[in-house]
Structure formats: C-alpha cells, structure tokens
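Student: Handing you this structure, nothing more for now.
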Amino acid sequence: MGSACACYTVRFMAEPLVFSLVVGVAVGLSAGYIGSIMVLEKMALVGDALSHVALPGLALGLLWGFNPFIGAFAFLFTSAVIIWQVERVTKLSFETLVGAVFTLALAIGILLVPAQDLLEALFGDITKVGLVDAIAAIVVSVVVIILVRRIYKKIVLTLMSEELAVSKGINVSRTNLLYLLLVSLTVAIGIMITGTLLVGFLVVTPAAAARVISSNLSRYVRLSAIFGVVSSIMGLLLAAYFNIQPGPLIVVSGVAIFAAVIIARRRISLNF
Amino acid sequence: MVIMETSEDYVLRVTKLSVEISKQKIIDNLSFAIRRGVTLAIVGPNAAGKTTLFRALLNLIPYKGQIEWNGKVKIGYVPQALYVRDIPISVREFLSFKNGSDVNPTLTSVGLDPGAVLNKSLGSLSGGQLRRVLIAWAIVDKPDVLLFDEPTTGVDLDSEEAIYGMLRRLTAQNNITLLLISHDLHIIREYSDYVLAMNRCAVFFGESKDIVKPEIQKLIYGERVCMLHGEVHGGTIGI
C-alpha cells in the first residue's frame with residue numbers, strides 16, 4: 001500500500017514535468033530551426049520584438065477566460081499580416097516595422113493584463129502546461145518544421161539575391177508571408193515556456209551558437225535545432241530541481257551552450 | 001528611338017519598352033530584337049537603365065510595352081552582387097538549389113575543380129571563384145538565354161579575360177544567347193557580337209567592333225568623352 005502511494009506521488013510530480021519537457025523539446029526544436037533563418041536574415045531581434053506583440057492577446061485571454069495562447073497567436077498573426085503588407089508597400093525592413101509596432105503592443109498589453117497575471121505573461125509558467133498544450137506544441141512544432149523545410153532554400157536564395165530568387169520563379173512576397181506566420185506560431189508556443197520577455201532567446205541564441213561552428217547550411221540548421229532542444233531540456237530540469245521559474249534557466253542554459261561553443265572553437269583554432 | 005536587328009529567328013523581341021520607377025522614367029520607348037546564339041552587350045552610363053532592363057526582362061518590375069520570348073525559353077541569370085558573407089552555405093548546397101544533375105561537369109566547364117570547391121562555403125571563395133560558381137549556377141540547368149549583369153565585378157584582369165573566354169566558349173558550344181551588361185569596352189569588342197547602347201532609350205545598336213569608334217562613343221557617353229588614340233611611349237602619349 002505504501003509503495004502504491006509512493007508511486008502515485010512520483011507520478012503526480014512527474015506528470016507536469018513530462019508535459020513541460022514535451023513542450024520544451026517541441027518549442028526548442030521549432031524555435032531553433034526557424035531561428036536559424038532569423039539569424040541569417042539579421043532578424044534576431046524581430047522574434048524578441050514580435051513576442052511583445054503577443055502581450056495584448058495574452059491579456060485578452062486572461063481577462064475573458066479563453067486560452068491566452070490563442071489570443072497571443074491571433075495578435076501575432078494579425079501583426080504579421082499587417083507588417084507584411086506594409087513592407088510590400090513601403091519596402092521598409094521587417095525589423096523597422098516590427099520595432100515600430102511592438103512598443104505600442106507592449107504598452108497596450110501592460111495596460112490590459114491584470115496585475116496578478118502580468119508576471120506569468122511576461123515570464124511564462126510552464127507548470128500550468130497540460131496535455132492539450134503539449135499536444136498543441138507538438139502539432140505546431142511539426143507543422144512549423146515541415147513548412148520551414150519547404151521554404152528554407154527559397155528564403156536563403158532570396159537573402160543572397162532577390163533577383164536571383166525571382167528569376168528562379170520564387171514568389172518572394174508569398175514566401176515572406178508564410179515565414180512571418182511561422183515565426184508567429186513559433187513565438188506563440190514559445191511564450192508557454194519562457195513568457196513574452198524571454199521568448200526571443202529561443203529563436204536567437206541556439207542559431208547564433210550553431211552559426212559559430214558551421215560552414216554549411218545542413219550542419220547549421222541541425223545544430224541550431226539541437227541547441228534549441230538541449231537548452232530547453234537543461235533549463236526545465238534545472239528548474240524542476242531547484243523549484244524555480246524555468247524561463248530564465250532555459251535562457252541561462254542556452255547562453256552557457258553559446259559560451260561553450262565559442263570557447264571550444266577558440267581552443268580548436270589555437271591548437272591548429 | 002526604335003532600333004531593330006531584323007530577323008525571324010529572334011529569341012527576344014522588345015518593343016516600345018518603358019519603365020517608370022517612383023514617377024521617374026528609367027527606360028523610355030526601347031526596342032530591339034536579337035537572334036538565338038548571339039552575344040549582345042548592353043552599355044551605357046550610370047543610371048542609363050541597363051539593370052532595369054534586365055529586371056524587366058526577368059519580370060521583376062512592372063513595365064509598358066512588349067517583351068516577347070520566342071517559345072518556351074529557359075533563362076539563367078547572374079546578378080551583379082550576391083550576398084554570401086554571413087551565410088554558411090557550401091558550393092554543393094548552392095548548386096543543389098537548382099535541378100541540374102551535371103554539377104561536376106558544369107563546375108569543370110567553368111574552370112573549377114569540383115573536388116576542391118564543392119564542400120567549400122561560398123563566403124570563403126575568392127572573387128573569381130565566386131563568379132565562376134555563379135556562372136555554373138546559371139548554366140547548370142542548361143538555359144537558352146543567359147543574362148549577366150557585370151559578371152566580372154571585383155575580379156582581377158587575368159581572371160576577367162579567362163571568365164569571358166570561358167563564357168564565349170560555353171555559349172558557342174550550347175547555342176546560348178547571352179545578354180551582357182558591361183562597362184569594359186575592350187571586353188565588349190572582344191567577346192560580344194552586337195552592342196546595344198542605351199541611355200534610357202536606345203542610342204546605338206550595331207556590331208560590337210564599332211563600339212571603339214569615337215563618334216559612337218560620343219553618341220553613348222556625350223560630347224565630354226575623352227578619347228585616347230595612339231600608344232604610350234616612355235610616359236608620353238604618341239598619336
């Protein structure tokens with residue numbers, strides 16, 4: 001009987017961690033994957049800025065009692081379409097346009113989010129993640145990876161020369177829209193584990209670490225996704241162990257990987 | 001002004017082409033046609049509309065007038081600049097973006113050793129090697145027409161001559177039509193068949209050997225063009 005009780009206790013404690021790890025792996029994988037494009041596009045801060053756009057959506061979810069991540073995605077999706085359309089008309093960079101809208105969204109979000117929920121919206125709370133969230137994260141992650149895989153070459157070619165891309169029949173505008181929507185999806189699920197303030201890390205740091213030690217695309221993309229997953233798992237396990245917020249620890253884990261990669265590369269270069 | 005090379009075996013016919021960007025006329029009423037297998041050099045001063053003409057031919061920008069390709073024409077394009085510095089992409093990966101299966105023979109045909117360059121990143125190549133890879137990119141899927149926008153920018157003189165020689169050989173072997181933007185009159189005279197000089201509209205269309213004639217140069221670059229004739233002897237110019 002005592003043994004059964006212990007088993008139930010362990011299961012009770014382990015379940016949220018399992019869901020967290022599932023979400024963490026899914027988010028880390030897709031964020032690392034799509035983040036590799038964002039770093040190439042010099043849009044590293046766009047993910048960060050775009051994540052703030054999600055805040056009003058989260059706020060409405062918390063206020064009106066529906067899933068805040070649906071609100072976050074709705075706001076991200078709408079913003080992405082607006083930014084894409086304005087970019088087509090004005091030819092301003094995505095970075096400029098995202099920068100222009102994100103502070104406004106942040107201000108509206110802070111005004112709307114109930115004070116007691118603000119910390120959770122800003123830094124996330126993965127302990128509240130359940131089965132539905134875990135399934136949603138897996139589905140979104142799979143969709144993001146499949147679609148990013150389809151547009152990866154198109155985006156890289158566009159980045160190298162837009163004329164070259166168009167001469168090959170690539171619809172640059174449509175590809176950019178799909179890309180922005182996939183970034184929005186990734187940011188929306190990323191908010192689950194790190195919150196709006198830290199989600200930018202998930203799409204930047206793993207890719208930056210991978211870039212340091214990659215001389216071809218396939219290695220770069222694979223390493224970026226792997227670093228994303230390892231950062232998430234390390235952060236979540238440390239958070240469970242120390243019983244503190246996982247978001248900041250995921251960031252710290254990712255930065256540790258980044259630092260380790262730089263040191264390792266430096267040592268290897270020195271040895272030669 | 002309408003200038004035509006009249007031929008039924010044309011691969012491209014441009015009729016009364018006009019392009020406006022931000023309400024400014026960049027190309028005005030340009031017409032010409034070229035035969036299959038011909039190399040046409042496009043010259044003109046800065047802001048004459050040369051690159052804009054290529055952009056119109058590639059359907060990248062809106063235009064007025066007609067651009068007719070004769071039949072189903074596959075176009076290979078080499079841009080003036082390619083951003084590769086911060087992108088970790090190998091030559092193999094870059095060429096795999098196209099569906100050409102003959103990557104190794106294509107690299108060999110542009111004077112590169114496949115074994116030596118395939119796994120190198122584009123950013124680590126020299127200017128000449130990068131240009132050759134770009135040409136390989138343009139020809140790997142066997143195009144009918146090549147559009148080259150100053151294909152030897154940033155390449156030293158020896159490599160430049162080698163690249164144009166190689167281009168001449170490739171286009172002759174495969175009956176490829178080549179449209180080439182260049183500022184180098186020597187290159188144009190040596191490696192092209194015809195020249196289209198433009199300054200928004202066409203100002204001259206003729207055989208490339210005529211490009212060095214002073215009256216043609218004045219037509220293209222205006223009265224202020226300074227022509228040098230004769231040879232340099234011991235630091236002074238002998239006419």
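Naming works like this for the structure tokens: A, B, ... for the chains as they're shown, residue 1 at the start of each chain, ligands 1 onward in shown order.
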Which neighbours of stretch 160-176 of chain A fall inside 8 Å, counting only C-alpha atoms, when residues of the same chain fewer than 6 positions from it are skipped, and could you give them as a list in words?
Tutor: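 The neighbour list is Trp84, Arg88, Ile151 and Lys154 of chain A; Arg55, Leu58, Leu60, Ile75, Gly76, Tyr77, Val78, Pro79, Ala81, Leu82, Tyr83 and Val84 of chain B.
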Student: Counting only C-alpha atoms, a student should be able to say which residues of chain B come within 12 Å of chain A; what is the right answer, written as a PyMOL selection string?
Tutor: chain B and resi 22+51-52+54-61+74-99+118-124+134+137-138+141+143+146-149
Student: Those same residues - N, CA and C atoms - I'd like them written as a short mmCIF file (atom, residue, chain, number, x, y, z; two decimals), in the first residue's frame.
Tutor:
```cif
data_model
loop_
_atom_site.label_atom_id
_atom_site.label_comp_id
_atom_site.auth_asym_id
_atom_site.auth_seq_id
_atom_site.Cartn_x
_atom_site.Cartn_y
_atom_site.Cartn_z
N SER B 22 9.05 55.28 -59.28
CA SER B 22 8.75 56.49 -58.49
C SER B 22 8.53 57.69 -59.41
N THR B 51 20.45 47.80 -65.81
CA THR B 51 19.99 46.77 -64.87
C THR B 51 18.46 46.73 -64.81
N THR B 52 17.85 47.91 -64.97
CA THR B 52 16.37 47.96 -65.00
C THR B 52 15.84 47.15 -66.19
N PHE B 54 17.20 44.48 -67.43
CA PHE B 54 17.26 43.08 -67.02
C PHE B 54 16.10 42.75 -66.07
N ARG B 55 15.83 43.67 -65.17
CA ARG B 55 14.75 43.43 -64.20
C ARG B 55 13.40 43.31 -64.92
N ALA B 56 13.25 44.10 -65.98
CA ALA B 56 12.01 44.00 -66.77
C ALA B 56 11.98 42.68 -67.54
N LEU B 57 13.13 42.29 -68.11
CA LEU B 57 13.18 41.03 -68.86
C LEU B 57 12.87 39.84 -67.95
N LEU B 58 13.27 39.96 -66.68
CA LEU B 58 13.02 38.87 -65.72
C LEU B 58 11.64 38.98 -65.08
N ASN B 59 10.89 40.00 -65.52
CA ASN B 59 9.53 40.22 -64.99
C ASN B 59 9.53 40.58 -63.51
N LEU B 60 10.58 41.25 -63.07
CA LEU B 60 10.68 41.62 -61.65
C LEU B 60 9.97 42.92 -61.36
N ILE B 61 9.77 43.74 -62.40
CA ILE B 61 9.16 45.06 -62.20
C ILE B 61 8.08 45.29 -63.26
N LYS B 74 14.25 29.07 -71.38
CA LYS B 74 14.76 28.97 -70.01
C LYS B 74 15.87 30.01 -69.82
N ILE B 75 15.71 30.85 -68.79
CA ILE B 75 16.66 31.95 -68.60
C ILE B 75 17.55 31.69 -67.40
N GLY B 76 18.85 31.85 -67.61
CA GLY B 76 19.81 31.80 -66.50
C GLY B 76 20.24 33.22 -66.19
N TYR B 77 20.38 33.53 -64.92
CA TYR B 77 20.67 34.91 -64.56
C TYR B 77 21.83 34.98 -63.56
N VAL B 78 22.75 35.88 -63.81
CA VAL B 78 23.84 36.11 -62.85
C VAL B 78 23.78 37.57 -62.41
N PRO B 79 23.44 37.83 -61.16
CA PRO B 79 23.30 39.22 -60.71
C PRO B 79 24.65 39.88 -60.51
N GLN B 80 24.59 41.20 -60.37
CA GLN B 80 25.81 41.98 -60.18
C GLN B 80 26.46 41.64 -58.84
N ALA B 81 25.61 41.44 -57.82
CA ALA B 81 26.15 41.17 -56.48
C ALA B 81 25.39 40.01 -55.86
N LEU B 82 26.11 39.26 -55.04
CA LEU B 82 25.50 38.15 -54.32
C LEU B 82 25.93 38.26 -52.87
N TYR B 83 24.98 38.28 -51.97
CA TYR B 83 25.31 38.41 -50.56
C TYR B 83 25.60 37.02 -49.99
N VAL B 84 26.86 36.75 -49.68
CA VAL B 84 27.20 35.42 -49.17
C VAL B 84 27.97 35.46 -47.86
N ARG B 85 28.36 36.66 -47.45
CA ARG B 85 29.34 36.77 -46.36
C ARG B 85 28.90 36.05 -45.08
N ASP B 86 27.68 36.26 -44.66
CA ASP B 86 27.25 35.71 -43.37
C ASP B 86 26.40 34.45 -43.51
N ILE B 87 26.41 33.87 -44.71
CA ILE B 87 25.56 32.68 -44.90
C ILE B 87 26.43 31.44 -45.01
N PRO B 88 26.27 30.49 -44.08
CA PRO B 88 27.09 29.27 -44.16
C PRO B 88 26.50 28.31 -45.20
N ILE B 89 26.84 28.53 -46.44
CA ILE B 89 26.29 27.67 -47.49
C ILE B 89 27.44 27.19 -48.38
N SER B 90 27.48 25.88 -48.61
CA SER B 90 28.57 25.33 -49.43
C SER B 90 28.21 25.44 -50.91
N VAL B 91 29.22 25.29 -51.74
CA VAL B 91 29.00 25.34 -53.19
C VAL B 91 28.01 24.24 -53.60
N ARG B 92 28.18 23.06 -52.99
CA ARG B 92 27.30 21.93 -53.30
C ARG B 92 25.84 22.28 -52.99
N GLU B 93 25.63 22.88 -51.80
CA GLU B 93 24.26 23.24 -51.39
C GLU B 93 23.69 24.31 -52.32
N PHE B 94 24.52 25.29 -52.65
CA PHE B 94 24.05 26.37 -53.52
C PHE B 94 23.61 25.82 -54.88
N LEU B 95 24.44 24.96 -55.46
CA LEU B 95 24.10 24.42 -56.78
C LEU B 95 22.92 23.45 -56.69
N SER B 96 22.73 22.85 -55.51
CA SER B 96 21.61 21.91 -55.37
C SER B 96 20.26 22.64 -55.36
N PHE B 97 20.28 23.97 -55.19
CA PHE B 97 19.02 24.73 -55.25
C PHE B 97 18.41 24.66 -56.65
N LYS B 98 19.27 24.37 -57.62
CA LYS B 98 18.77 24.19 -58.99
C LYS B 98 18.66 22.70 -59.26
N ASN B 99 17.89 22.36 -60.28
CA ASN B 99 17.64 20.94 -60.51
C ASN B 99 18.64 20.28 -61.47
N LEU B 118 33.56 21.95 -54.01
CA LEU B 118 32.17 21.57 -53.70
C LEU B 118 31.80 21.74 -52.23
N ASN B 119 32.73 21.39 -51.34
CA ASN B 119 32.40 21.48 -49.92
C ASN B 119 32.85 22.78 -49.27
N LYS B 120 33.38 23.68 -50.06
CA LYS B 120 33.79 24.99 -49.52
C LYS B 120 32.56 25.88 -49.36
N SER B 121 32.60 26.77 -48.35
CA SER B 121 31.47 27.70 -48.24
C SER B 121 31.66 28.82 -49.26
N LEU B 122 30.55 29.36 -49.75
CA LEU B 122 30.63 30.40 -50.77
C LEU B 122 31.41 31.60 -50.26
N GLY B 123 31.24 31.90 -48.97
CA GLY B 123 31.90 33.06 -48.39
C GLY B 123 33.42 32.93 -48.36
N SER B 124 33.94 31.70 -48.47
CA SER B 124 35.39 31.53 -48.39
C SER B 124 36.06 31.53 -49.77
N LEU B 134 28.88 31.24 -59.77
CA LEU B 134 27.63 31.87 -60.21
C LEU B 134 27.31 31.53 -61.66
N TRP B 137 26.08 28.11 -61.70
CA TRP B 137 24.68 28.14 -61.25
C TRP B 137 23.76 28.47 -62.43
N ALA B 138 24.19 29.48 -63.22
CA ALA B 138 23.34 29.95 -64.31
C ALA B 138 23.21 28.92 -65.42
N ASP B 141 21.41 24.13 -65.36
CA ASP B 141 20.18 23.51 -65.87
C ASP B 141 19.95 23.82 -67.34
N PRO B 143 20.31 26.54 -69.73
CA PRO B 143 19.38 27.59 -70.17
C PRO B 143 19.54 27.90 -71.66
N LEU B 146 21.16 33.59 -71.31
CA LEU B 146 21.84 34.00 -70.07
C LEU B 146 21.82 35.51 -69.96
N LEU B 147 21.46 36.01 -68.78
CA LEU B 147 21.52 37.44 -68.51
C LEU B 147 22.62 37.66 -67.48
N PHE B 148 23.66 38.37 -67.87
CA PHE B 148 24.79 38.61 -66.96
C PHE B 148 24.93 40.10 -66.69
N ASP B 149 24.78 40.47 -65.44
CA ASP B 149 24.91 41.88 -65.05
C ASP B 149 26.33 42.08 -64.50
#
```
Student: So which bits of stretch 2-205 of chain B end up strand (DSSP E or B) when you DSSP the backbone, as number ranges by chain?
Tutor: B: 10-21, 24-35, 39-43, 64-69, 75-78, 90, 121, 145-149, 177-181, 194-199, 201-205
Student: Could you work out how far atom CA of B:Leu178 lies from atom CA of B:Gln217, giving the answer in Å with one decimal?
Tutor: 22.5 Å
Student: Tell me, in Å to one decimal, how far atom CA of B:Phe32 is from atom CA of B:Asn174.
Tutor: 23.2 Å
Student: Please provide as number ranges by chain all residues within 10 Å of stretch 158-173 of chain B, with the sequence filter that same-chain residues fewer than 4 positions apart are discarded (counting only C-alpha atoms).
Tutor: B: 37-39, 109-111, 127-129, 131-132, 135, 139, 144-146, 151-154, 177-178, 187-188, 190-192
Student: So that I have them on file, write out the residues from the current selection with N, CA and C atoms, as an mmCIF file, in the first residue's frame.
Tutor:
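The result, stored in selection14.cif:
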```cif
data_model
loop_
_atom_site.group_PDB
_atom_site.id
_atom_site.type_symbol
_atom_site.label_atom_id
_atom_site.label_comp_id
_atom_site.auth_asym_id
_atom_site.auth_seq_id
_atom_site.Cartn_x
_atom_site.Cartn_y
_atom_site.Cartn_z
ATOM 1 N N GLY B 37 21.599 32.455 -80.047
ATOM 2 C CA GLY B 37 23.031 32.163 -80.098
ATOM 3 C C GLY B 37 23.933 33.381 -80.168
ATOM 4 N N VAL B 38 23.337 34.560 -80.133
ATOM 5 C CA VAL B 38 24.115 35.791 -80.270
ATOM 6 C C VAL B 38 24.508 36.308 -78.887
ATOM 7 N N THR B 39 25.660 36.985 -78.805
ATOM 8 C CA THR B 39 26.017 37.671 -77.558
ATOM 9 C C THR B 39 25.794 39.169 -77.753
ATOM 10 N N SER B 109 33.509 22.796 -66.445
ATOM 11 C CA SER B 109 33.403 23.632 -67.649
ATOM 12 C C SER B 109 33.651 25.110 -67.354
ATOM 13 N N VAL B 110 33.447 25.534 -66.091
ATOM 14 C CA VAL B 110 33.731 26.940 -65.757
ATOM 15 C C VAL B 110 35.120 27.089 -65.123
ATOM 16 N N GLY B 111 35.921 26.016 -65.234
ATOM 17 C CA GLY B 111 37.312 26.099 -64.809
ATOM 18 C C GLY B 111 37.534 25.878 -63.326
ATOM 19 N N GLY B 127 37.015 36.152 -55.275
ATOM 20 C CA GLY B 127 36.058 36.826 -56.163
ATOM 21 C C GLY B 127 35.897 36.091 -57.484
ATOM 22 N N GLY B 128 37.024 35.647 -58.059
ATOM 23 C CA GLY B 128 36.985 34.945 -59.337
ATOM 24 C C GLY B 128 36.272 33.606 -59.224
ATOM 25 N N GLN B 129 36.567 32.875 -58.123
ATOM 26 C CA GLN B 129 35.917 31.564 -57.922
ATOM 27 C C GLN B 129 34.406 31.740 -57.743
ATOM 28 N N ARG B 131 32.506 34.118 -58.874
ATOM 29 C CA ARG B 131 31.904 34.456 -60.171
ATOM 30 C C ARG B 131 31.729 33.198 -61.012
ATOM 31 N N ARG B 132 32.734 32.328 -60.978
ATOM 32 C CA ARG B 132 32.655 31.087 -61.751
ATOM 33 C C ARG B 132 31.541 30.173 -61.213
ATOM 34 N N ILE B 135 28.356 31.509 -62.473
ATOM 35 C CA ILE B 135 28.143 31.147 -63.883
ATOM 36 C C ILE B 135 27.711 29.675 -63.965
ATOM 37 N N ILE B 139 24.264 28.095 -65.631
ATOM 38 C CA ILE B 139 24.227 27.183 -66.790
ATOM 39 C C ILE B 139 23.933 25.738 -66.423
ATOM 40 N N ASP B 144 18.518 28.565 -72.208
ATOM 41 C CA ASP B 144 18.598 29.020 -73.599
ATOM 42 C C ASP B 144 19.189 30.422 -73.661
ATOM 43 N N VAL B 145 18.926 31.194 -72.601
ATOM 44 C CA VAL B 145 19.370 32.588 -72.570
ATOM 45 C C VAL B 145 20.065 32.854 -71.247
ATOM 46 N N LEU B 146 21.164 33.594 -71.309
ATOM 47 C CA LEU B 146 21.841 33.997 -70.074
ATOM 48 C C LEU B 146 21.819 35.511 -69.955
ATOM 49 N N PRO B 151 29.331 40.551 -65.019
ATOM 50 C CA PRO B 151 29.693 39.270 -64.399
ATOM 51 C C PRO B 151 31.087 39.207 -63.785
ATOM 52 N N THR B 152 31.937 40.193 -64.049
ATOM 53 C CA THR B 152 33.300 40.102 -63.504
ATOM 54 C C THR B 152 33.610 41.232 -62.527
ATOM 55 N N THR B 153 32.570 41.786 -61.916
ATOM 56 C CA THR B 153 32.788 42.819 -60.907
ATOM 57 C C THR B 153 33.686 42.263 -59.793
ATOM 58 N N GLY B 154 34.725 42.989 -59.442
ATOM 59 C CA GLY B 154 35.591 42.578 -58.341
ATOM 60 C C GLY B 154 36.573 41.472 -58.689
ATOM 61 N N THR B 177 22.060 32.178 -75.999
ATOM 62 C CA THR B 177 22.010 33.619 -76.252
ATOM 63 C C THR B 177 22.456 34.324 -74.975
ATOM 64 N N LEU B 178 23.390 35.248 -75.123
ATOM 65 C CA LEU B 178 23.936 35.909 -73.933
ATOM 66 C C LEU B 178 23.675 37.410 -73.985
ATOM 67 N N ILE B 187 36.361 44.462 -73.427
ATOM 68 C CA ILE B 187 35.657 43.180 -73.266
ATOM 69 C C ILE B 187 34.512 43.082 -74.270
ATOM 70 N N ILE B 188 33.785 44.173 -74.402
ATOM 71 C CA ILE B 188 32.625 44.167 -75.310
ATOM 72 C C ILE B 188 33.080 43.894 -76.746
ATOM 73 N N GLU B 190 35.797 42.410 -77.742
ATOM 74 C CA GLU B 190 36.409 41.101 -77.919
ATOM 75 C C GLU B 190 35.421 39.935 -77.786
ATOM 76 N N TYR B 191 34.461 40.096 -76.910
ATOM 77 C CA TYR B 191 33.671 38.910 -76.533
ATOM 78 C C TYR B 191 32.182 38.994 -76.859
ATOM 79 N N SER B 192 31.732 40.054 -77.532
ATOM 80 C CA SER B 192 30.314 40.091 -77.897
ATOM 81 C C SER B 192 30.162 40.281 -79.397
#
```
Student: Just checking: using only C-alpha atoms, which residue out of B:Gly44, B:Val103, B:Tyr10, B:Ala202 ends up closest to B:Gly115?
Tutor: B:Val103
Student: Can you pull out every residue within 7 Å of B:Cys201, counting only C-alpha atoms, but drop anything in the same chain fewer than 6 positions away, and send it as a list in words?
Tutor: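 The residues that qualify are Met1, Ile27, Asp28, Asn29 and Leu30 of chain B.
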Student: At a cut-off of 10 Å, using only C-alpha atoms, what residues contact B:Val11? Leave out same-chain residues fewer than 2 positions from it and give the result as a ChimeraX atom specification.
Tutor: /B:7-9,13,33-38,68-73,144-145,177
Student: Which residue gives the smallest distance to B:Ile67 among B:Lys25, B:Arg200, B:Lys213, B:Lys16, with only C-alpha atoms counted?
Tutor: B:Lys16
Student: Nearest residue to B:Tyr63 out of B:Asn175, B:Asn199, B:Ser208, B:Thr15, using only C-alpha atoms?
Tutor: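 Checking each candidate against B:Tyr63, we get B:Thr15 as the closest.
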